[in-house]
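Structure file protein_17.pdb (PDB, C-alpha atoms) follows.
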MODEL        1
ATOM      1  CA  MET A   1     -10.153   9.633 -17.380
ATOM      2  CA  CYS A   2      -8.297  12.916 -17.576
ATOM      3  CA  ILE A   3      -8.314  13.001 -13.786
ATOM      4  CA  GLU A   4      -6.529   9.673 -13.848
ATOM      5  CA  ILE A   5      -3.942  11.037 -16.269
ATOM      6  CA  MET A   6      -3.242  13.996 -13.977
ATOM      7  CA  LEU A   7      -3.026  11.731 -10.936
ATOM      8  CA  ASN A   8      -0.561   9.481 -12.745
ATOM      9  CA  THR A   9       1.655  12.356 -13.787
ATOM     10  CA  ALA A  10       1.764  13.586 -10.206
ATOM     11  CA  THR A  11       2.681  10.151  -8.877
ATOM     12  CA  LEU A  12       5.329   9.770 -11.579
ATOM     13  CA  ASN A  13       6.785  13.086 -10.471
ATOM     14  CA  LEU A  14       6.869  11.859  -6.881
ATOM     15  CA  VAL A  15       8.669   8.672  -7.857
ATOM     16  CA  ALA A  16      11.178  10.590  -9.940
ATOM     17  CA  PHE A  17      12.047  12.903  -7.073
ATOM     18  CA  SER A  18      12.144   9.967  -4.701
ATOM     19  CA  ALA A  19      14.674   8.234  -6.932
ATOM     20  CA  ASN A  20      16.664  11.421  -7.367
ATOM     21  CA  MET A  21      16.918  12.162  -3.658
ATOM     22  CA  ALA A  22      17.378   8.506  -2.634
ATOM     23  CA  ASP A  23      14.403   8.714  -0.299
ATOM     24  CA  ILE A  24      11.885   5.920   0.046
ATOM     25  CA  SER A  25       9.016   8.143   1.245
ATOM     26  CA  GLY A  26       7.979   9.095  -2.281
ATOM     27  CA  GLN A  27       7.163   5.516  -3.158
ATOM     28  CA  LEU A  28       5.058   5.089  -0.022
ATOM     29  CA  ILE A  29       3.122   8.250  -0.762
ATOM     30  CA  VAL A  30       2.539   6.996  -4.290
ATOM     31  CA  ILE A  31       1.087   3.748  -2.953
ATOM     32  CA  PHE A  32      -1.360   5.734  -0.833
ATOM     33  CA  ALA A  33      -2.171   8.026  -3.753
ATOM     34  CA  ILE A  34      -2.935   5.023  -5.961
ATOM     35  CA  ALA A  35      -5.292   3.658  -3.301
ATOM     36  CA  VAL A  36      -7.092   6.996  -3.019
ATOM     37  CA  GLY A  37      -7.307   7.231  -6.807
ATOM     38  CA  ALA A  38      -8.899   3.801  -7.051
ATOM     39  CA  ALA A  39     -11.442   4.729  -4.377
ATOM     40  CA  GLU A  40     -12.192   7.999  -6.141
ATOM     41  CA  ILE A  41     -12.843   6.434  -9.526
ATOM     42  CA  ALA A  42     -15.069   3.783  -7.938
ATOM     43  CA  ILE A  43     -17.249   6.513  -6.440
ATOM     44  CA  GLY A  44     -17.191   8.517  -9.659
ATOM     45  CA  LEU A  45     -18.288   5.641 -11.832
ATOM     46  CA  ALA A  46     -21.022   4.736  -9.344
ATOM     47  CA  ILE A  47     -22.337   8.301  -9.592
ATOM     48  CA  LEU A  48     -22.155   8.033 -13.385
ATOM     49  CA  LEU A  49     -24.228   4.835 -13.321
ATOM     50  CA  LEU A  50     -26.780   6.548 -11.085
ATOM     51  CA  ILE A  51     -27.018   9.486 -13.487
ATOM     52  CA  PHE A  52     -27.521   7.080 -16.374
ATOM     53  CA  ASN A  53     -30.281   5.247 -14.530
ATOM     54  CA  LYS A  54     -32.061   8.501 -13.749
ATOM     55  CA  HIS A  55     -31.649  10.323 -17.048
ATOM     56  CA  GLY A  56     -30.870   7.667 -19.646
ATOM     57  CA  SER A  57     -27.863   9.612 -20.821
ATOM     58  CA  ILE A  58     -24.411  10.449 -19.598
ATOM     59  CA  ASP A  59     -24.104  13.602 -21.656
ATOM     60  CA  LEU A  60     -23.427  16.103 -18.912
ATOM     61  CA  SER A  61     -24.510  19.096 -20.968
ATOM     62  CA  GLU A  62     -28.060  17.746 -21.064
ATOM     63  CA  ILE A  63     -28.339  17.295 -17.336
ATOM     64  CA  GLY A  64     -29.339  20.438 -15.506
ATOM     65  CA  THR A  65     -31.433  19.058 -12.691
ATOM     66  CA  LEU A  66     -29.855  21.234 -10.065
ATOM     67  CA  ARG A  67     -30.355  24.362 -12.132
ATOM     68  CA  ARG A  68     -33.398  26.467 -11.414
ATOM     69  CA  ARG A  69     -35.582  26.747 -14.457
TER      70      ARG A  69
ATOM     71  CA  MET B   1      18.591   3.585 -21.080
ATOM     72  CA  LEU B   2      18.144   7.035 -22.551
ATOM     73  CA  GLU B   3      16.697   5.665 -25.791
ATOM     74  CA  ALA B   4      14.270   3.541 -23.782
ATOM     75  CA  PHE B   5      13.246   6.618 -21.811
ATOM     76  CA  PHE B   6      12.579   8.680 -24.920
ATOM     77  CA  LEU B   7      10.669   5.870 -26.610
ATOM     78  CA  ILE B   8       8.466   5.368 -23.537
ATOM     79  CA  ALA B   9       7.977   9.117 -23.141
ATOM     80  CA  LEU B  10       6.940   9.477 -26.788
ATOM     81  CA  ILE B  11       4.409   6.653 -26.549
ATOM     82  CA  ALA B  12       3.097   8.006 -23.243
ATOM     83  CA  VAL B  13       2.595  11.554 -24.527
ATOM     84  CA  CYS B  14       0.963  10.348 -27.749
ATOM     85  CA  SER B  15      -1.423   8.024 -25.920
ATOM     86  CA  ALA B  16      -2.310  10.748 -23.419
ATOM     87  CA  ALA B  17      -3.148  13.070 -26.283
ATOM     88  CA  MET B  18      -5.222  10.342 -27.927
ATOM     89  CA  VAL B  19      -7.170   9.842 -24.691
ATOM     90  CA  VAL B  20      -8.213  13.463 -24.845
ATOM     91  CA  ILE B  21      -8.944  13.823 -28.565
ATOM     92  CA  SER B  22     -10.527  10.457 -29.363
ATOM     93  CA  LYS B  23     -14.127  10.713 -30.471
ATOM     94  CA  GLU B  24     -15.000   7.173 -29.445
ATOM     95  CA  ILE B  25     -14.935   6.805 -25.667
ATOM     96  CA  VAL B  26     -13.896   3.137 -25.809
ATOM     97  CA  HIS B  27     -10.794   4.137 -27.756
ATOM     98  CA  SER B  28     -10.061   6.687 -25.043
ATOM     99  CA  ALA B  29     -10.235   3.983 -22.397
ATOM    100  CA  LEU B  30      -7.917   1.675 -24.348
ATOM    101  CA  PHE B  31      -5.393   4.460 -24.919
ATOM    102  CA  LEU B  32      -5.598   5.113 -21.194
ATOM    103  CA  ALA B  33      -4.579   1.485 -20.637
ATOM    104  CA  LEU B  34      -1.577   2.049 -22.915
ATOM    105  CA  LEU B  35      -0.672   5.172 -20.955
ATOM    106  CA  PHE B  36      -0.841   3.275 -17.655
ATOM    107  CA  THR B  37       1.439   0.595 -19.100
ATOM    108  CA  MET B  38       3.948   3.253 -20.087
ATOM    109  CA  ILE B  39       3.813   4.762 -16.604
ATOM    110  CA  ALA B  40       4.569   1.306 -15.198
ATOM    111  CA  ALA B  41       7.567   1.143 -17.546
ATOM    112  CA  PHE B  42       8.699   4.514 -16.194
ATOM    113  CA  TYR B  43       8.488   3.118 -12.669
ATOM    114  CA  ILE B  44      10.709   0.214 -13.675
ATOM    115  CA  LEU B  45      13.213   2.644 -15.199
ATOM    116  CA  LEU B  46      13.193   4.576 -11.923
ATOM    117  CA  GLY B  47      13.935   1.467  -9.895
ATOM    118  CA  ALA B  48      10.481   1.144  -8.352
ATOM    119  CA  GLU B  49       9.507  -2.363  -9.402
ATOM    120  CA  PHE B  50       6.932  -2.802  -6.663
ATOM    121  CA  LEU B  51       5.130   0.352  -7.778
ATOM    122  CA  ALA B  52       5.134  -0.937 -11.346
ATOM    123  CA  ILE B  53       3.414  -4.122 -10.193
ATOM    124  CA  ILE B  54       0.922  -2.095  -8.168
ATOM    125  CA  GLN B  55       0.295   0.129 -11.181
ATOM    126  CA  VAL B  56      -0.448  -2.797 -13.470
ATOM    127  CA  LEU B  57      -2.629  -4.549 -10.900
ATOM    128  CA  VAL B  58      -4.664  -1.567  -9.741
ATOM    129  CA  TYR B  59      -4.905   0.602 -12.818
ATOM    130  CA  ILE B  60      -4.851  -1.786 -15.756
ATOM    131  CA  GLY B  61      -6.513  -4.625 -13.887
ATOM    132  CA  GLY B  62      -8.985  -2.594 -11.878
ATOM    133  CA  VAL B  63      -9.577   0.926 -13.063
ATOM    134  CA  ILE B  64      -9.571   0.224 -16.810
ATOM    135  CA  THR B  65     -11.894  -2.737 -16.319
ATOM    136  CA  MET B  66     -14.239  -0.579 -14.270
ATOM    137  CA  ILE B  67     -14.182   2.216 -16.843
ATOM    138  CA  LEU B  68     -14.884  -0.223 -19.682
ATOM    139  CA  PHE B  69     -17.759  -1.812 -17.744
ATOM    140  CA  THR B  70     -19.254   1.592 -17.057
ATOM    141  CA  ILE B  71     -18.942   2.559 -20.712
ATOM    142  CA  MET B  72     -20.649  -0.646 -21.777
ATOM    143  CA  LEU B  73     -23.412  -0.262 -19.185
ATOM    144  CA  THR B  74     -24.126   3.329 -20.146
ATOM    145  CA  LYS B  75     -23.584   3.091 -23.879
ATOM    146  CA  SER B  76     -25.996   5.501 -25.473
ATOM    147  CA  LYS B  77     -27.205   5.270 -29.049
ATOM    148  CA  ALA B  78     -26.259   8.766 -30.043
ATOM    149  CA  LYS B  79     -22.758   9.576 -31.084
ATOM    150  CA  SER B  80     -20.743  11.839 -28.908
ATOM    151  CA  SER B  81     -22.072  15.329 -29.298
ATOM    152  CA  ILE B  82     -19.182  17.162 -27.755
ATOM    153  CA  VAL B  83     -18.602  20.318 -29.708
ATOM    154  CA  ASN B  84     -15.054  21.537 -29.500
ATOM    155  CA  ASN B  85     -15.338  25.293 -29.626
ATOM    156  CA  THR B  86     -12.714  26.160 -27.043
ATOM    157  CA  LEU B  87      -9.606  25.638 -29.147
ATOM    158  CA  ILE B  88      -8.166  29.100 -28.541
ATOM    159  CA  LEU B  89      -8.730  28.748 -24.814
ATOM    160  CA  GLN B  90      -7.039  25.332 -24.838
ATOM    161  CA  ILE B  91      -3.990  26.661 -26.658
ATOM    162  CA  PHE B  92      -3.827  29.624 -24.287
ATOM    163  CA  VAL B  93      -3.998  27.473 -21.154
ATOM    164  CA  PHE B  94      -1.464  25.039 -22.579
ATOM    165  CA  SER B  95       1.062  27.744 -23.446
ATOM    166  CA  VAL B  96       0.655  29.484 -20.090
ATOM    167  CA  PHE B  97       1.202  26.197 -18.303
ATOM    168  CA  MET B  98       4.265  25.342 -20.368
ATOM    169  CA  ALA B  99       5.720  28.791 -19.742
ATOM    170  CA  LEU B 100       5.138  28.296 -16.026
ATOM    171  CA  ILE B 101       6.890  24.923 -16.066
ATOM    172  CA  ILE B 102       9.863  26.221 -18.057
ATOM    173  CA  THR B 103      10.237  29.229 -15.755
ATOM    174  CA  ALA B 104      10.055  27.062 -12.668
ATOM    175  CA  LEU B 105      12.564  24.566 -14.055
ATOM    176  CA  SER B 106      15.071  27.228 -15.032
ATOM    177  CA  ALA B 107      14.715  28.952 -11.659
ATOM    178  CA  SER B 108      14.928  25.842  -9.499
ATOM    179  CA  LYS B 109      18.175  24.848  -7.858
ATOM    180  CA  VAL B 110      17.498  21.121  -7.892
ATOM    181  CA  THR B 111      20.102  19.270  -9.855
ATOM    182  CA  PHE B 112      19.320  15.973 -11.471
ATOM    183  CA  SER B 113      22.055  13.399 -11.549
ATOM    184  CA  ALA B 114      21.932  10.864 -14.349
ATOM    185  CA  GLY B 115      23.533   8.172 -12.243
ATOM    186  CA  THR B 116      22.068   4.900 -11.126
ATOM    187  CA  VAL B 117      18.799   5.017  -9.280
ATOM    188  CA  PRO B 118      18.469   3.353  -5.878
ATOM    189  CA  VAL B 119      16.427   0.181  -5.931
ATOM    190  CA  TYR B 120      14.427  -0.582  -2.826
ATOM    191  CA  SER B 121      13.447  -4.096  -2.009
ATOM    192  CA  LEU B 122       9.920  -5.035  -1.073
ATOM    193  CA  GLU B 123      11.119  -5.707   2.447
ATOM    194  CA  GLU B 124      12.312  -2.140   2.953
ATOM    195  CA  ILE B 125       9.053  -0.730   1.600
ATOM    196  CA  GLY B 126       7.087  -2.965   3.944
ATOM    197  CA  LYS B 127       9.178  -1.953   6.933
ATOM    198  CA  VAL B 128       8.751   1.763   6.271
ATOM    199  CA  MET B 129       5.059   1.302   5.601
ATOM    200  CA  LEU B 130       4.436  -0.421   8.911
ATOM    201  CA  THR B 131       6.637   1.835  11.044
ATOM    202  CA  THR B 132       6.810   5.420   9.822
ATOM    203  CA  TYR B 133       3.646   5.387   7.743
ATOM    204  CA  VAL B 134       1.493   3.120   9.874
ATOM    205  CA  LEU B 135      -1.179   5.767  10.515
ATOM    206  CA  PRO B 136      -1.723   6.615   6.816
ATOM    207  CA  PHE B 137      -1.690   2.890   6.138
ATOM    208  CA  GLU B 138      -4.573   2.300   8.532
ATOM    209  CA  LEU B 139      -6.393   5.385   7.304
ATOM    210  CA  ILE B 140      -6.149   4.262   3.695
ATOM    211  CA  SER B 141      -7.756   0.948   4.566
ATOM    212  CA  LEU B 142     -10.616   2.853   6.190
ATOM    213  CA  VAL B 143     -10.940   5.083   3.128
ATOM    214  CA  LEU B 144     -11.102   2.046   0.849
ATOM    215  CA  LEU B 145     -13.780   0.432   3.019
ATOM    216  CA  VAL B 146     -15.886   3.608   3.035
ATOM    217  CA  ALA B 147     -15.452   4.017  -0.720
ATOM    218  CA  MET B 148     -16.530   0.426  -1.341
ATOM    219  CA  VAL B 149     -19.644   0.737   0.810
ATOM    220  CA  ALA B 150     -20.495   4.123  -0.704
ATOM    221  CA  ALA B 151     -20.072   2.899  -4.277
ATOM    222  CA  ILE B 152     -22.362  -0.067  -3.635
ATOM    223  CA  PHE B 153     -24.866   2.200  -1.889
ATOM    224  CA  ILE B 154     -24.905   4.758  -4.699
ATOM    225  CA  ALA B 155     -25.110   2.313  -7.588
ATOM    226  CA  ARG B 156     -27.616  -0.115  -6.069
ATOM    227  CA  PRO B 157     -30.864  -0.700  -7.975
ATOM    228  CA  GLN B 158     -33.242   2.114  -7.205
ATOM    229  CA  LYS B 159     -36.661   1.232  -5.864
ATOM    230  CA  GLU B 160     -39.551   3.098  -7.379
ATOM    231  CA  VAL B 161     -40.754   5.475  -4.674
ATOM    232  CA  GLY B 162     -44.294   6.832  -4.625
TER     233      GLY B 162
ENDMDL
END
Using structure tokens, write down the structure that the file contains.
Amino acid sequence: MCIEIMLNTATLNLVAFSANMADISGQLIVIFAIAVGAAEIAIGLAILLLIFNKHGSIDLSEIGTLRRR
Amino acid sequence: MLEAFFLIALIAVCSAAMVVISKEIVHSALFLALLFTMIAAFYILLGAEFLAIIQVLVYIGGVITMILFTIMLTKSKAKSSIVNNTLILQIFVFSVFMALIITALSASKVTFSAGTVPVYSLEEIGKVMLTTYVLPFELISLVLLVAMVAAIFIARPQKEVG
């Protein structure tokens, strides 16, 4: 969710500069960034569901499967 | 206009802070919805109505729904066990970042005019999207297709192997 906040602040910045410089490109880039953000969170939540199915928990501090014991 | 901006900015900053510090993850998701609404209001203030519509449709309609579904599907019995023992580090990073922003703003030569913002019609956006930005437009459709297939592939029901 924090990733989404950061992505939104960046896109807001782009729109602000686009409005300030009277350039339409910023809005187009923001549309593409929103599409990439939606794709990214879909993948992320799918991975989260997979982790939950495997471990029964989404607490990331408990999951150390990749760590060598 | 200025009062509207400050009101929206205050609500946006408060809801962003609540997303981070909420103990209950569902509350975080709902505050995130409020934040996205405020960002859409910012877009309207900046004369980007089409982006505001896109924001509401994609983020509030899609992303928040997906986050809430994932929370409900993975709801664990135990309360959140996140221990917050990095307060000094957080304050340090925050102050360094703010100092960086203030330095950059005072050193930059960009001037901001408080005049009227240009409003682009949907037609202009569509024209630019299908002429100048036609390659990113096609690429983004490919990216969305790959992401959809990959998400379905990752989250499909696992067969018991061996």
> Between B:Val119, B:Ala99, B:Leu34, B:Leu130, which is the closest to Asp23 of chain A once you count all atoms listed in the file?
Replying inline: B:Val119
Any chance you could work out the residue set of the PyMOL selection byres ((chain B) within 6 of (chain A)) here, as a PDB file with C-alpha atoms, keeping the file's coordinate frame?
ATOM      1  CA  VAL B 117      18.799   5.017  -9.280  1.00  0.00           C
ATOM      2  CA  LEU B 144     -11.102   2.046   0.849  1.00  0.00           C
ATOM      3  CA  ALA B 147     -15.452   4.017  -0.720  1.00  0.00           C
ATOM      4  CA  ALA B 151     -20.072   2.899  -4.277  1.00  0.00           C
ATOM      5  CA  ALA B 155     -25.110   2.313  -7.588  1.00  0.00           C
TER       6      ALA B 155
END
>> Take the PyMOL selection byres ((chain B and resi 19) around 9), run it mentally on this structure, and tell me the resulting residues as a ChimeraX atom specification.
In response: /A:1-2 /B:14-18,20-22,25,27-32,35
> In Å to one decimal, how far is atom CA of Thr74 of chain B from atom CA of Val143 of chain B?
Replying inline: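 So the answer is 26.8 Å.
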> So how many Å separate atom CA of Thr132 of chain B and atom CA of Val149 of chain B, to one decimal?
Replying inline: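 Between these atoms lies a distance of 28.3 Å.
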>> My list of candidates is B:Ser108, B:Ser121, B:Thr86, B:Ser95. Which is closest to Ala48 of chain B when distances are computed with only C-alpha atoms?
In response: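 Of all the options, B:Ser121 lies closest to Ala48 of chain B.
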> In Å, with one decimal, what is the gap from atom CA of Val26 of chain B to atom CA of Ile64 of chain B?
Replying inline: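 Taking atom CA of Val26 of chain B as the start and atom CA of Ile64 of chain B as the end point, the length is 10.4 Å.
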> Using all atoms listed in the file, which residue out of B:Val128, B:Ile71, B:Ala9, B:Ile54 lies closest to Gly26 of chain A?
Replying inline: B:Val128
>> Which residue is closest to Glu124 of chain B? Choose from B:Ala104, B:Ile44, B:Phe50, B:Ala4 and count all atoms listed in the file.
In response: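 Of all the options, B:Phe50 lies closest to Glu124 of chain B.
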